[in-house]
$ cat model-v9.txt   # compact mmCIF, C-alpha atoms and all ligand atoms
# COMPACT_ATOMS: atom_id res chain seq x y z
CA MET A 1 0.00 0.00 0.00
CA ALA A 2 1.21 3.52 -0.81
CA SER A 3 2.41 5.55 2.17
CA SER A 4 0.40 8.63 3.18
CA VAL A 5 3.17 10.80 1.73
CA GLU A 6 2.93 9.10 -1.68
CA LYS A 7 -0.86 9.12 -1.58
CA ALA A 8 -0.94 12.84 -0.75
CA ALA A 9 1.59 13.54 -3.53
CA GLY A 10 -0.69 11.97 -6.14
CA ALA A 11 -3.90 13.59 -4.88
CA PRO A 12 -5.60 16.48 -6.68
CA LYS A 13 -5.21 19.59 -4.53
CA ALA A 14 -5.40 23.38 -4.53
CA GLU A 15 -2.62 25.74 -3.52
CA LEU A 16 -3.95 28.95 -1.98
CA HIS A 17 -0.81 30.60 -0.63
CA VAL A 18 2.08 30.96 -3.04
CA HIS A 19 3.87 34.19 -4.00
CA ILE A 20 4.85 34.11 -7.66
CA GLU A 21 8.03 36.03 -6.83
CA GLY A 22 8.77 33.34 -4.26
CA THR A 23 8.86 30.73 -7.03
CA LEU A 24 11.81 32.47 -8.69
CA GLU A 25 14.45 29.75 -8.68
CA PRO A 26 18.15 30.78 -8.51
CA GLU A 27 18.76 29.49 -12.06
CA LEU A 28 16.00 31.72 -13.43
CA ILE A 29 17.24 34.68 -11.35
CA PHE A 30 20.64 34.45 -13.06
CA GLN A 31 19.14 33.80 -16.50
CA LEU A 32 16.88 36.88 -16.26
CA ALA A 33 19.69 39.01 -14.78
CA GLN A 34 21.74 38.26 -17.87
CA ARG A 35 18.83 38.82 -20.28
CA ASN A 36 17.98 42.19 -18.72
CA GLU A 37 21.54 43.24 -17.80
CA VAL A 38 20.67 43.58 -14.12
CA GLN A 39 23.56 43.58 -11.63
CA LEU A 40 23.08 41.18 -8.73
CA PRO A 41 24.91 41.31 -5.37
CA TRP A 42 25.66 37.54 -5.60
CA ALA A 43 28.57 36.21 -7.66
CA SER A 44 26.97 32.87 -8.52
CA ILE A 45 23.97 30.60 -8.06
CA GLN A 46 25.91 28.89 -5.33
CA THR A 47 26.54 32.09 -3.33
CA LEU A 48 22.90 33.02 -3.72
CA ARG A 49 21.81 29.63 -2.34
CA GLN A 50 24.22 30.08 0.55
CA ALA A 51 22.40 33.30 1.44
CA TYR A 52 19.18 31.31 1.99
CA SER A 53 19.78 30.85 5.68
CA PHE A 54 17.14 32.97 7.33
CA SER A 55 16.71 34.10 10.92
CA SER A 56 13.34 35.85 10.55
CA LEU A 57 10.74 37.00 8.00
CA GLN A 58 12.68 40.24 7.44
CA SER A 59 15.96 38.45 6.72
CA PHE A 60 14.14 36.59 3.92
CA LEU A 61 12.30 39.65 2.56
CA ASP A 62 15.60 41.54 2.24
CA ILE A 63 16.85 38.95 -0.28
CA TYR A 64 13.46 38.32 -1.92
CA HIS A 65 12.99 41.99 -2.87
CA VAL A 66 16.51 42.25 -4.34
CA ALA A 67 16.06 39.08 -6.43
CA THR A 68 12.79 40.39 -7.92
CA ARG A 69 14.77 43.18 -9.64
CA VAL A 70 15.49 40.74 -12.49
CA LEU A 71 11.78 40.80 -13.45
CA VAL A 72 11.43 43.60 -15.97
CA THR A 73 9.44 42.69 -19.09
CA GLU A 74 6.11 41.02 -19.81
CA ARG A 75 8.06 38.01 -21.07
CA ASP A 76 9.87 37.67 -17.71
CA PHE A 77 6.58 37.53 -15.81
CA ALA A 78 5.19 35.04 -18.35
CA ASP A 79 8.29 32.81 -17.98
CA LEU A 80 7.97 32.95 -14.19
CA ALA A 81 4.27 31.99 -14.24
CA ARG A 82 4.88 29.22 -16.78
CA ALA A 83 7.65 27.72 -14.62
CA TYR A 84 5.37 27.70 -11.57
CA VAL A 85 2.50 26.04 -13.46
CA GLU A 86 4.83 23.29 -14.63
CA ARG A 87 6.15 22.70 -11.12
CA ALA A 88 2.70 22.79 -9.51
CA GLN A 89 1.24 20.39 -12.06
CA ALA A 90 3.98 17.90 -11.20
CA ASP A 91 2.63 18.06 -7.60
CA LYS A 92 -0.96 17.45 -8.83
CA VAL A 93 -2.10 20.97 -8.03
CA ILE A 94 -5.28 21.47 -10.07
CA HIS A 95 -5.99 25.02 -8.96
CA ALA A 96 -3.78 27.80 -7.58
CA GLU A 97 -4.57 31.23 -6.15
CA ILE A 98 -1.32 33.07 -6.68
CA PHE A 99 -0.09 36.23 -4.96
CA PHE A 100 1.96 38.90 -6.65
CA ASP A 101 3.59 42.03 -5.20
CA PRO A 102 3.12 44.78 -7.82
CA GLN A 103 4.51 47.57 -5.64
CA THR A 104 7.96 46.03 -5.45
CA HIS A 105 8.14 46.11 -9.29
CA MET A 106 6.35 49.45 -9.77
CA GLU A 107 8.88 51.14 -7.45
CA ARG A 108 11.50 50.17 -10.09
CA GLY A 109 9.45 51.58 -12.96
CA VAL A 110 7.71 48.41 -14.18
CA ALA A 111 4.10 49.16 -15.18
CA LEU A 112 1.28 47.33 -13.43
CA GLU A 113 -0.12 46.42 -16.87
CA THR A 114 3.19 44.74 -17.82
CA ILE A 115 3.15 42.60 -14.67
CA VAL A 116 -0.46 41.46 -15.02
CA ALA A 117 -0.29 40.93 -18.80
CA GLY A 118 2.86 38.80 -18.39
CA LEU A 119 1.42 36.67 -15.59
CA GLU A 120 -1.80 36.27 -17.59
CA GLN A 121 0.18 35.04 -20.60
CA GLY A 122 1.94 32.34 -18.59
CA LEU A 123 -1.18 31.26 -16.71
CA LYS A 124 -3.36 31.17 -19.83
CA GLU A 125 -1.14 28.39 -21.19
CA GLY A 126 -1.93 26.47 -18.00
CA ASP A 127 -5.69 26.87 -18.65
CA GLU A 128 -5.20 25.04 -21.92
CA PHE A 129 -4.01 21.88 -20.18
CA GLY A 130 -6.48 21.98 -17.30
CA PHE A 131 -4.54 23.94 -14.69
CA SER A 132 -6.89 26.48 -13.16
CA SER A 133 -5.46 29.64 -11.60
CA ARG A 134 -6.39 33.02 -10.16
CA LEU A 135 -4.30 36.03 -9.12
CA ILE A 136 -4.41 37.92 -5.82
CA MET A 137 -2.69 41.32 -5.78
CA CYS A 138 -0.92 41.98 -2.48
CA PHE A 139 -0.23 45.33 -0.85
CA LEU A 140 3.16 45.64 0.82
CA ARG A 141 2.62 46.27 4.51
CA HIS A 142 5.97 48.05 4.94
CA LEU A 143 4.72 50.83 2.63
CA PRO A 144 2.04 53.36 3.69
CA GLU A 145 -1.66 52.77 3.09
CA SER A 146 -1.72 55.79 0.74
CA LYS A 147 0.50 53.80 -1.67
CA ALA A 148 -1.82 50.80 -1.42
CA LEU A 149 -4.78 53.06 -2.23
CA GLU A 150 -2.97 54.41 -5.31
CA THR A 151 -2.15 50.86 -6.40
CA LEU A 152 -5.75 49.73 -6.00
CA GLU A 153 -7.00 52.70 -8.02
CA GLN A 154 -4.58 51.85 -10.84
CA ALA A 155 -5.55 48.19 -10.66
CA LEU A 156 -9.33 48.58 -10.84
CA PRO A 157 -9.41 48.71 -14.67
CA LEU A 158 -7.30 45.53 -14.72
CA PHE A 159 -9.75 43.77 -12.39
CA SER A 160 -12.41 44.60 -15.01
CA HIS A 161 -10.18 43.55 -17.91
CA TYR A 162 -9.11 40.21 -16.39
CA PRO A 163 -12.17 39.14 -14.33
CA HIS A 164 -11.41 35.47 -14.98
CA ARG A 165 -7.95 35.82 -13.42
CA LEU A 166 -7.56 38.80 -11.12
CA ILE A 167 -9.97 38.21 -8.26
CA GLY A 168 -8.55 39.37 -4.97
CA VAL A 169 -6.32 41.58 -2.89
CA GLY A 170 -4.05 40.53 -0.04
CA LEU A 171 -1.59 42.03 2.43
CA ASP A 172 1.97 40.80 2.90
CA SER A 173 5.58 41.73 3.79
CA THR A 174 6.86 42.83 7.24
CA GLU A 175 4.30 42.05 9.94
CA ILE A 176 5.52 42.94 13.43
CA GLY A 177 4.51 46.45 14.53
CA ILE A 178 2.07 46.95 11.63
CA PRO A 179 -1.44 45.77 12.60
CA PRO A 180 -3.79 44.93 9.73
CA ARG A 181 -6.16 47.78 10.70
CA THR A 182 -3.54 50.18 9.25
CA PHE A 183 -4.99 49.11 5.87
CA GLU A 184 -8.67 49.36 6.78
CA ARG A 185 -9.57 51.97 4.15
CA VAL A 186 -7.98 50.21 1.18
CA PHE A 187 -9.59 46.90 2.12
CA ALA A 188 -12.99 48.60 2.50
CA ALA A 189 -12.54 50.09 -0.99
CA ALA A 190 -11.63 46.68 -2.43
CA ARG A 191 -14.68 45.06 -0.82
CA ARG A 192 -16.91 47.81 -2.19
CA ALA A 193 -15.54 46.99 -5.65
CA GLY A 194 -16.58 43.35 -5.19
CA ILE A 195 -13.01 42.05 -4.86
CA GLU A 196 -12.14 39.07 -2.60
CA VAL A 197 -10.00 40.03 0.40
CA VAL A 198 -7.37 38.04 2.30
CA ALA A 199 -4.42 39.05 4.49
CA HIS A 200 -1.26 37.62 6.02
CA ALA A 201 -1.73 37.75 9.80
CA GLY A 202 -0.41 35.79 12.78
CA GLU A 203 2.71 34.58 10.98
CA GLU A 204 5.36 36.31 13.15
CA GLY A 205 2.80 38.68 14.63
CA PRO A 206 0.40 37.90 17.50
CA ALA A 207 -3.09 36.32 17.48
CA GLU A 208 -4.41 39.86 18.01
CA TYR A 209 -3.48 40.60 14.37
CA VAL A 210 -5.71 37.74 13.22
CA TRP A 211 -8.64 39.29 15.15
CA ASP A 212 -7.73 42.57 13.51
CA ALA A 213 -7.70 41.07 9.99
CA LEU A 214 -11.16 39.59 10.63
CA ASP A 215 -12.70 42.67 12.28
CA ALA A 216 -11.03 45.62 10.57
CA LEU A 217 -10.31 44.15 7.12
CA GLN A 218 -13.17 41.61 7.08
CA VAL A 219 -11.08 39.04 5.28
CA SER A 220 -12.66 35.77 4.22
CA ARG A 221 -9.39 33.82 4.60
CA VAL A 222 -6.27 34.38 6.72
CA ASP A 223 -2.78 33.69 5.35
CA HIS A 224 -0.61 31.77 7.85
CA GLY A 225 -2.63 32.58 10.98
CA VAL A 226 -0.62 30.03 12.98
CA ALA A 227 -0.51 32.33 16.03
CA SER A 228 -4.27 31.66 16.36
CA SER A 229 -3.46 28.37 18.08
CA GLU A 230 -2.49 30.36 21.21
CA ASP A 231 -5.94 31.93 21.58
CA ASP A 232 -8.89 29.62 22.35
CA ASP A 233 -11.53 32.29 21.72
CA LEU A 234 -10.00 32.97 18.31
CA VAL A 235 -9.90 29.26 17.45
CA ASP A 236 -13.61 29.04 18.43
CA ARG A 237 -14.37 31.91 16.09
CA LEU A 238 -12.39 30.47 13.17
CA VAL A 239 -14.26 27.18 13.58
CA ARG A 240 -17.68 28.81 14.01
CA GLU A 241 -17.25 31.07 10.98
CA GLN A 242 -15.32 28.46 8.97
CA ILE A 243 -12.51 30.92 8.19
CA PRO A 244 -9.71 29.06 6.40
CA LEU A 245 -6.04 29.47 7.38
CA THR A 246 -3.57 29.01 4.52
CA VAL A 247 -0.72 27.38 6.44
CA CYS A 248 2.85 27.09 5.07
CA PRO A 249 4.85 24.60 7.16
CA LEU A 250 8.31 24.76 5.51
CA SER A 251 8.12 28.55 5.45
CA ASN A 252 7.38 28.58 9.19
CA LEU A 253 10.35 26.32 9.81
CA ARG A 254 12.79 28.27 7.59
CA LEU A 255 11.72 31.66 9.00
CA LYS A 256 11.94 30.37 12.59
CA VAL A 257 8.22 30.80 13.31
CA VAL A 258 8.53 27.25 14.68
CA GLU A 259 11.78 25.76 15.99
CA ASP A 260 11.01 22.21 14.99
CA MET A 261 8.42 20.78 12.57
CA LYS A 262 7.33 18.46 15.38
CA GLN A 263 6.04 21.56 17.17
CA HIS A 264 4.05 22.91 14.23
CA PRO A 265 0.49 23.84 15.29
CA ILE A 266 -1.22 22.65 12.07
CA ARG A 267 -2.18 19.29 13.56
CA SER A 268 -3.74 20.76 16.69
CA LEU A 269 -5.58 23.41 14.62
CA LEU A 270 -6.93 20.65 12.38
CA GLU A 271 -7.99 18.54 15.37
CA ARG A 272 -9.80 21.54 16.88
CA GLY A 273 -11.80 21.89 13.64
CA VAL A 274 -10.07 24.85 11.97
CA LYS A 275 -10.16 24.77 8.16
CA VAL A 276 -6.40 24.60 7.60
CA MET A 277 -4.58 23.39 4.51
CA VAL A 278 -1.00 23.09 3.25
CA ASN A 279 0.78 25.57 0.96
CA SER A 280 4.32 26.44 -0.11
CA ASP A 281 4.51 30.28 0.33
CA ASP A 282 7.91 30.90 -1.36
CA PRO A 283 8.96 27.44 -2.51
CA ALA A 284 12.18 28.49 -4.27
CA TYR A 285 13.47 29.84 -0.95
CA PHE A 286 12.09 27.46 1.66
CA GLY A 287 13.18 24.06 0.42
CA GLY A 288 10.15 22.76 -1.38
CA TYR A 289 6.89 22.97 -3.28
CA VAL A 290 3.50 21.93 -1.96
CA ASN A 291 4.11 18.17 -1.90
CA ASP A 292 7.34 18.69 0.05
CA ASN A 293 5.25 20.60 2.60
CA TYR A 294 2.76 17.72 2.86
CA ALA A 295 5.61 15.24 3.26
CA ALA A 296 7.26 17.32 6.01
CA ILE A 297 4.15 17.53 8.20
CA ILE A 298 2.93 13.98 7.54
CA ASN A 299 6.32 12.67 8.71
CA SER A 300 6.96 15.09 11.57
CA LEU A 301 3.45 15.16 13.01
CA ASN A 302 2.49 11.57 12.28
CA LEU A 303 -0.75 12.54 10.56
CA SER A 304 -3.37 9.87 9.99
CA GLY A 305 -4.85 9.10 6.53
CA PRO A 306 -8.17 10.84 7.39
CA GLN A 307 -6.25 13.92 8.59
CA VAL A 308 -4.34 14.15 5.31
CA PHE A 309 -7.59 13.76 3.38
CA GLN A 310 -9.12 16.58 5.45
CA LEU A 311 -6.20 18.90 4.61
CA LEU A 312 -6.56 18.12 0.90
CA SER A 313 -10.33 18.62 0.89
CA ASN A 314 -9.94 21.85 2.89
CA SER A 315 -7.69 23.17 0.11
CA LEU A 316 -10.46 22.62 -2.45
CA GLU A 317 -13.27 23.91 -0.23
CA ALA A 318 -11.41 27.08 0.80
CA CYS A 319 -10.69 28.34 -2.71
CA PHE A 320 -12.59 31.13 -4.46
CA MET A 321 -13.99 28.93 -7.24
CA PRO A 322 -17.74 28.46 -7.86
CA ALA A 323 -19.67 25.79 -5.92
CA GLU A 324 -20.00 23.49 -8.92
CA TRP A 325 -16.26 23.53 -9.58
CA LYS A 326 -15.66 22.66 -5.92
CA ARG A 327 -18.14 19.78 -6.03
CA ASN A 328 -16.39 18.27 -9.06
CA ALA A 329 -12.93 18.75 -7.56
CA LEU A 330 -13.99 17.23 -4.22
CA SER A 331 -15.49 14.24 -5.95
CA ALA A 332 -12.27 13.74 -7.98
CA LEU A 333 -10.33 13.83 -4.70
CA THR A 334 -12.73 11.42 -2.97
CA ASN A 335 -12.58 8.97 -5.88
CA TYR A 336 -8.79 9.12 -5.91
CA TRP A 337 -8.51 8.73 -2.15
CA HIS A 338 -10.91 5.83 -1.82
CA GLY A 339 -9.70 4.21 -5.00
CA THR A 340 -12.93 4.09 -6.95
N1 LIG B 401 6.02 37.87 1.06
C1 LIG B 401 6.48 36.74 0.53
N2 LIG B 401 6.46 35.76 1.46
C2 LIG B 401 5.96 36.30 2.59
C3 LIG B 401 5.68 35.80 3.89
N3 LIG B 401 5.92 34.55 4.24
N4 LIG B 401 5.18 36.66 4.80
C4 LIG B 401 4.95 37.92 4.48
N5 LIG B 401 5.19 38.44 3.28
C5 LIG B 401 5.68 37.63 2.34
ZN ZN B 402 3.01 34.42 2.21

$ encode --input "model-v9.txt" --output "C-alpha cells"
Amino acid sequence: MASSVEKAAGAPKAELHVHIEGTLEPELIFQLAQRNEVQLPWASIQTLRQAYSFSSLQSFLDIYHVATRVLVTERDFADLARAYVERAQADKVIHAEIFFDPQTHMERGVALETIVAGLEQGLKEGDEFGFSSRLIMCFLRHLPESKALETLEQALPLFSHYPHRLIGVGLDSTEIGIPPRTFERVFAAARRAGIEVVAHAGEEGPAEYVWDALDALQVSRVDHGVASSEDDDLVDRLVREQIPLTVCPLSNLRLKVVEDMKQHPIRSLLERGVKVMVNSDDPAYFGGYVNDNYAAIINSLNLSGPQVFQLLSNSLEACFMPAEWKRNALSALTNYWHGT
C-alpha cells in the first residue's frame, strides 16, 4: 500500500498561498539578470543559495525583494508563471490562487499592466491543459496605506479587464509592529468593488493581528494565521465562521516561526476543527513545493490518513472557485482517495 506521503503527492489539490516572486528559482534569477543586464549582489547561483539561511521574515524579505529586480518585461513575468504552473502540475495541483507584489516592481518603474499581462500570458497556457489559476494582488505592509490606495486605483481597470484571473487583494511583507487595521480603508474600498480580500496575519505577529484582519479588514481567509493556536476564543471563532487558514509549514520552519516541525500547530488546529490546509509560500526559498510541505508535516506530526484527506479537501473547499467547480474537484479527490 502507498504511504500517506505518496498518496498525498498523487492527490488532486489546490494551492492557496504561493507568491509568484517566491517561485523564482536561482537558475531563473541568473538567466533573467543576464537577459535584462541587471547587476546582482551575488557572484553565482551557489553564493545566492548560501544566502538562503534565514533568521526571521525580514531576513528573507531583504533577499526576496533584491532578487525580484530581475523581473522587468512582460516576457519575464510570463516565464515565471509558466515555470510555476509546470512545477505545480507535477505536484498534482489542479488550482492555484497566486499572490503577486506589484509595488515592489512598480517602485522600479515596471508598469502594473506589464506585470499582469505577463502573468496572464503564462497562466493562460496552464488553462489550456487543465490547470486552473487566479491572481491575488498583495499590498506591501511596509509601505504606507496611501500607496496601497494608489495601487488599488490603478488596478481597478485591470480587475475589469481580467475578471477570470484577477480576483482578490491581499496584504503581505513585514508584519511585526504593523497591525492589519492600518490598511482598513484600502480593504474597504476593495470590498466595495466586489473584490475578494485576504491578508497575512499571525505569521510572526500575535493572534491579536488575526482578530484585527477579521474585524477591521473583514477578510474571508487568513494567510498563515498560525498564532491563532495560542488563543482559544479565536480558534472558536475560526471554527464557528469556517474561516480558512492558509498554512505554510516549511516557510514557518525556515523563517523560525517554529523551531522544529514536530512543534508545528497545524495538527492541533486541524484537530480543533479549523479549516487549515498546506501551501508552499515561497517554494524556491524554503526548500520545497507543496508536496514537500505535505511530506514534512505527515512525517513530523504523524498525521493519519483521514487527517491528510481533510487537509486536501480543505484546500479545495477554501478556494474562491464556484460551488460546482468545488463539487467536481472534491469528488475527484474522494474517488482518488478511496480508490474508486
Ligand atoms: N512575502 C512573501 N512571502 C511572505 C511571507 N511569508 N510573509 C509575508 N510576506 C511575504
Ligand atoms: Zn506568504

$ residues_around --input "model-v9.txt" --residues "segment 316-326 of chain A" --least-positions-apart "5" --cutoff "10 Å" --atoms "all atoms listed in the file" --output "list in words"
Pro12, Lys13, Ala14, Glu15, Leu16, Ile94, His95, Ala96, Glu97, Ser132, Ser133, Arg134, Ile167, Gly168, Glu196, Ser220, Arg221, Gln242, Ile243, Pro244, Leu245, Thr246, Lys275, Val276, Met277, Leu311, Ser331, Ala332 and Leu333 of chain A

$ residues_near_ligand --input "model-v9.txt" --ligand "ligand ZN 402 (chain B)" --cutoff "9 Å" --atoms "all atoms listed in the file" --output "list of chain:residue names"
A:His17, A:Val18, A:His19, A:Gly22, A:Phe99, A:Leu171, A:Asp172, A:Ser173, A:His200, A:Glu203, A:Asp223, A:His224, A:Thr246, A:Cys248, A:Ser251, A:Ser280, A:Asp281, A:Asp282

$ closest_residue --input "model-v9.txt" --among "A:Gly273, A:Gly305, A:Gly205, A:Pro265" --to "ligand LIG 401 (chain B)" --atoms "only C-alpha atoms and all ligand atoms"
A:Gly205

$ closest_residue --input "model-v9.txt" --among "A:His264, A:Arg327, A:His142, A:His161" --to "ligand LIG 401 (chain B)" --atoms "all atoms listed in the file"
A:His142

$ residues_around --input "model-v9.txt" --residues "Phe309 of chain A" --least-positions-apart "3" --cutoff "8 Å" --atoms "all atoms listed in the file" --output "ChimeraX atom specification"
/A:8,305-306,312-313,337

$ closest_residue --input "model-v9.txt" --among "A:Glu145, A:Glu125, A:Glu150, A:Glu208" --to "Arg82 of chain A" --atoms "only C-alpha atoms"
A:Glu125

$ residues_around --input "model-v9.txt" --residues "segment 62-73 of chain A" --least-positions-apart "4" --cutoff "7 Å" --atoms "all atoms listed in the file" --output "list of chain:residue names"
A:Glu21, A:Ile29, A:Leu32, A:Ala33, A:Asn36, A:Val38, A:Gln58, A:Phe77, A:Thr104, A:Val110, A:Thr114

$ atom_distance --input "model-v9.txt" --atom1 "atom CA of Asp233 of chain A" --atom2 "atom CA of Ala201 of chain A"
16.4 Å

$ residues_around --input "model-v9.txt" --residues "segment 177-189 of chain A" --least-positions-apart "3" --cutoff "12 Å" --atoms "only C-alpha atoms" --output "ChimeraX atom specification"
/A:137-153,156,168-174,192-202,204-220,222

$ closest_residue --input "model-v9.txt" --among "A:Glu271, A:Asp91, A:Asp260, A:Glu113" --to "Lys7 of chain A" --atoms "all atoms listed in the file"
A:Asp91

$ residues_around --input "model-v9.txt" --residues "Arg272 of chain A" --least-positions-apart "3" --cutoff "8 Å" --atoms "all atoms listed in the file" --output "PyMOL selection string"
chain A and resi 235+239+268-269

$ axis_aligned_box --input "model-v9.txt" --around "ligand LIG 401 (chain B)" --padding-each-side "6 Å" --output "lines of an AutoDock Vina configuration file"
center_x = 5.7
center_y = 36.5
center_z = 2.7
size_x = 13.5
size_y = 15.9
size_z = 16.3

$ atom_distance --input "model-v9.txt" --atom1 "atom CA of Ile45 of chain A" --atom2 "atom CA of Tyr285 of chain A"
12.7 Å

$ decode --input "model-v9.txt" --residues "segment 168-181 of chain A" --atoms "N, CA and C atoms" --output "PDB file, in the first residue's frame"
ATOM      1  N   GLY A 168      -8.638  39.009  -6.387  1.00  0.00           N
ATOM      2  CA  GLY A 168      -8.547  39.368  -4.969  1.00  0.00           C
ATOM      3  C   GLY A 168      -7.403  40.301  -4.651  1.00  0.00           C
ATOM      4  N   VAL A 169      -7.472  40.853  -3.425  1.00  0.00           N
ATOM      5  CA  VAL A 169      -6.317  41.580  -2.891  1.00  0.00           C
ATOM      6  C   VAL A 169      -5.901  40.935  -1.566  1.00  0.00           C
ATOM      7  N   GLY A 170      -4.610  41.068  -1.275  1.00  0.00           N
ATOM      8  CA  GLY A 170      -4.051  40.533  -0.036  1.00  0.00           C
ATOM      9  C   GLY A 170      -3.098  41.545   0.581  1.00  0.00           C
ATOM     10  N   LEU A 171      -2.501  41.150   1.695  1.00  0.00           N
ATOM     11  CA  LEU A 171      -1.589  42.032   2.429  1.00  0.00           C
ATOM     12  C   LEU A 171      -0.408  41.179   2.869  1.00  0.00           C
ATOM     13  N   ASP A 172       0.810  41.605   2.506  1.00  0.00           N
ATOM     14  CA  ASP A 172       1.972  40.798   2.895  1.00  0.00           C
ATOM     15  C   ASP A 172       3.149  41.687   3.256  1.00  0.00           C
ATOM     16  N   SER A 173       4.333  41.075   3.370  1.00  0.00           N
ATOM     17  CA  SER A 173       5.577  41.731   3.794  1.00  0.00           C
ATOM     18  C   SER A 173       5.638  41.851   5.326  1.00  0.00           C
ATOM     19  N   THR A 174       6.561  42.689   5.802  1.00  0.00           N
ATOM     20  CA  THR A 174       6.857  42.829   7.235  1.00  0.00           C
ATOM     21  C   THR A 174       5.592  42.891   8.094  1.00  0.00           C
ATOM     22  N   GLU A 175       5.533  42.085   9.152  1.00  0.00           N
ATOM     23  CA  GLU A 175       4.297  42.054   9.940  1.00  0.00           C
ATOM     24  C   GLU A 175       4.396  42.756  11.297  1.00  0.00           C
ATOM     25  N   ILE A 176       5.460  42.467  12.046  1.00  0.00           N
ATOM     26  CA  ILE A 176       5.524  42.944  13.431  1.00  0.00           C
ATOM     27  C   ILE A 176       5.498  44.477  13.480  1.00  0.00           C
ATOM     28  N   GLY A 177       4.624  45.000  14.342  1.00  0.00           N
ATOM     29  CA  GLY A 177       4.514  46.451  14.528  1.00  0.00           C
ATOM     30  C   GLY A 177       3.561  47.114  13.555  1.00  0.00           C
ATOM     31  N   ILE A 178       2.973  46.347  12.617  1.00  0.00           N
ATOM     32  CA  ILE A 178       2.072  46.955  11.628  1.00  0.00           C
ATOM     33  C   ILE A 178       0.746  46.175  11.631  1.00  0.00           C
ATOM     34  N   PRO A 179      -0.188  46.531  12.537  1.00  0.00           N
ATOM     35  CA  PRO A 179      -1.440  45.773  12.603  1.00  0.00           C
ATOM     36  C   PRO A 179      -2.258  45.915  11.325  1.00  0.00           C
ATOM     37  N   PRO A 180      -2.998  44.872  10.967  1.00  0.00           N
ATOM     38  CA  PRO A 180      -3.795  44.927   9.735  1.00  0.00           C
ATOM     39  C   PRO A 180      -4.692  46.155   9.632  1.00  0.00           C
ATOM     40  N   ARG A 181      -5.203  46.656  10.779  1.00  0.00           N
ATOM     41  CA  ARG A 181      -6.161  47.780  10.701  1.00  0.00           C
ATOM     42  C   ARG A 181      -5.560  49.019  10.029  1.00  0.00           C
TER      43      ARG A 181
END
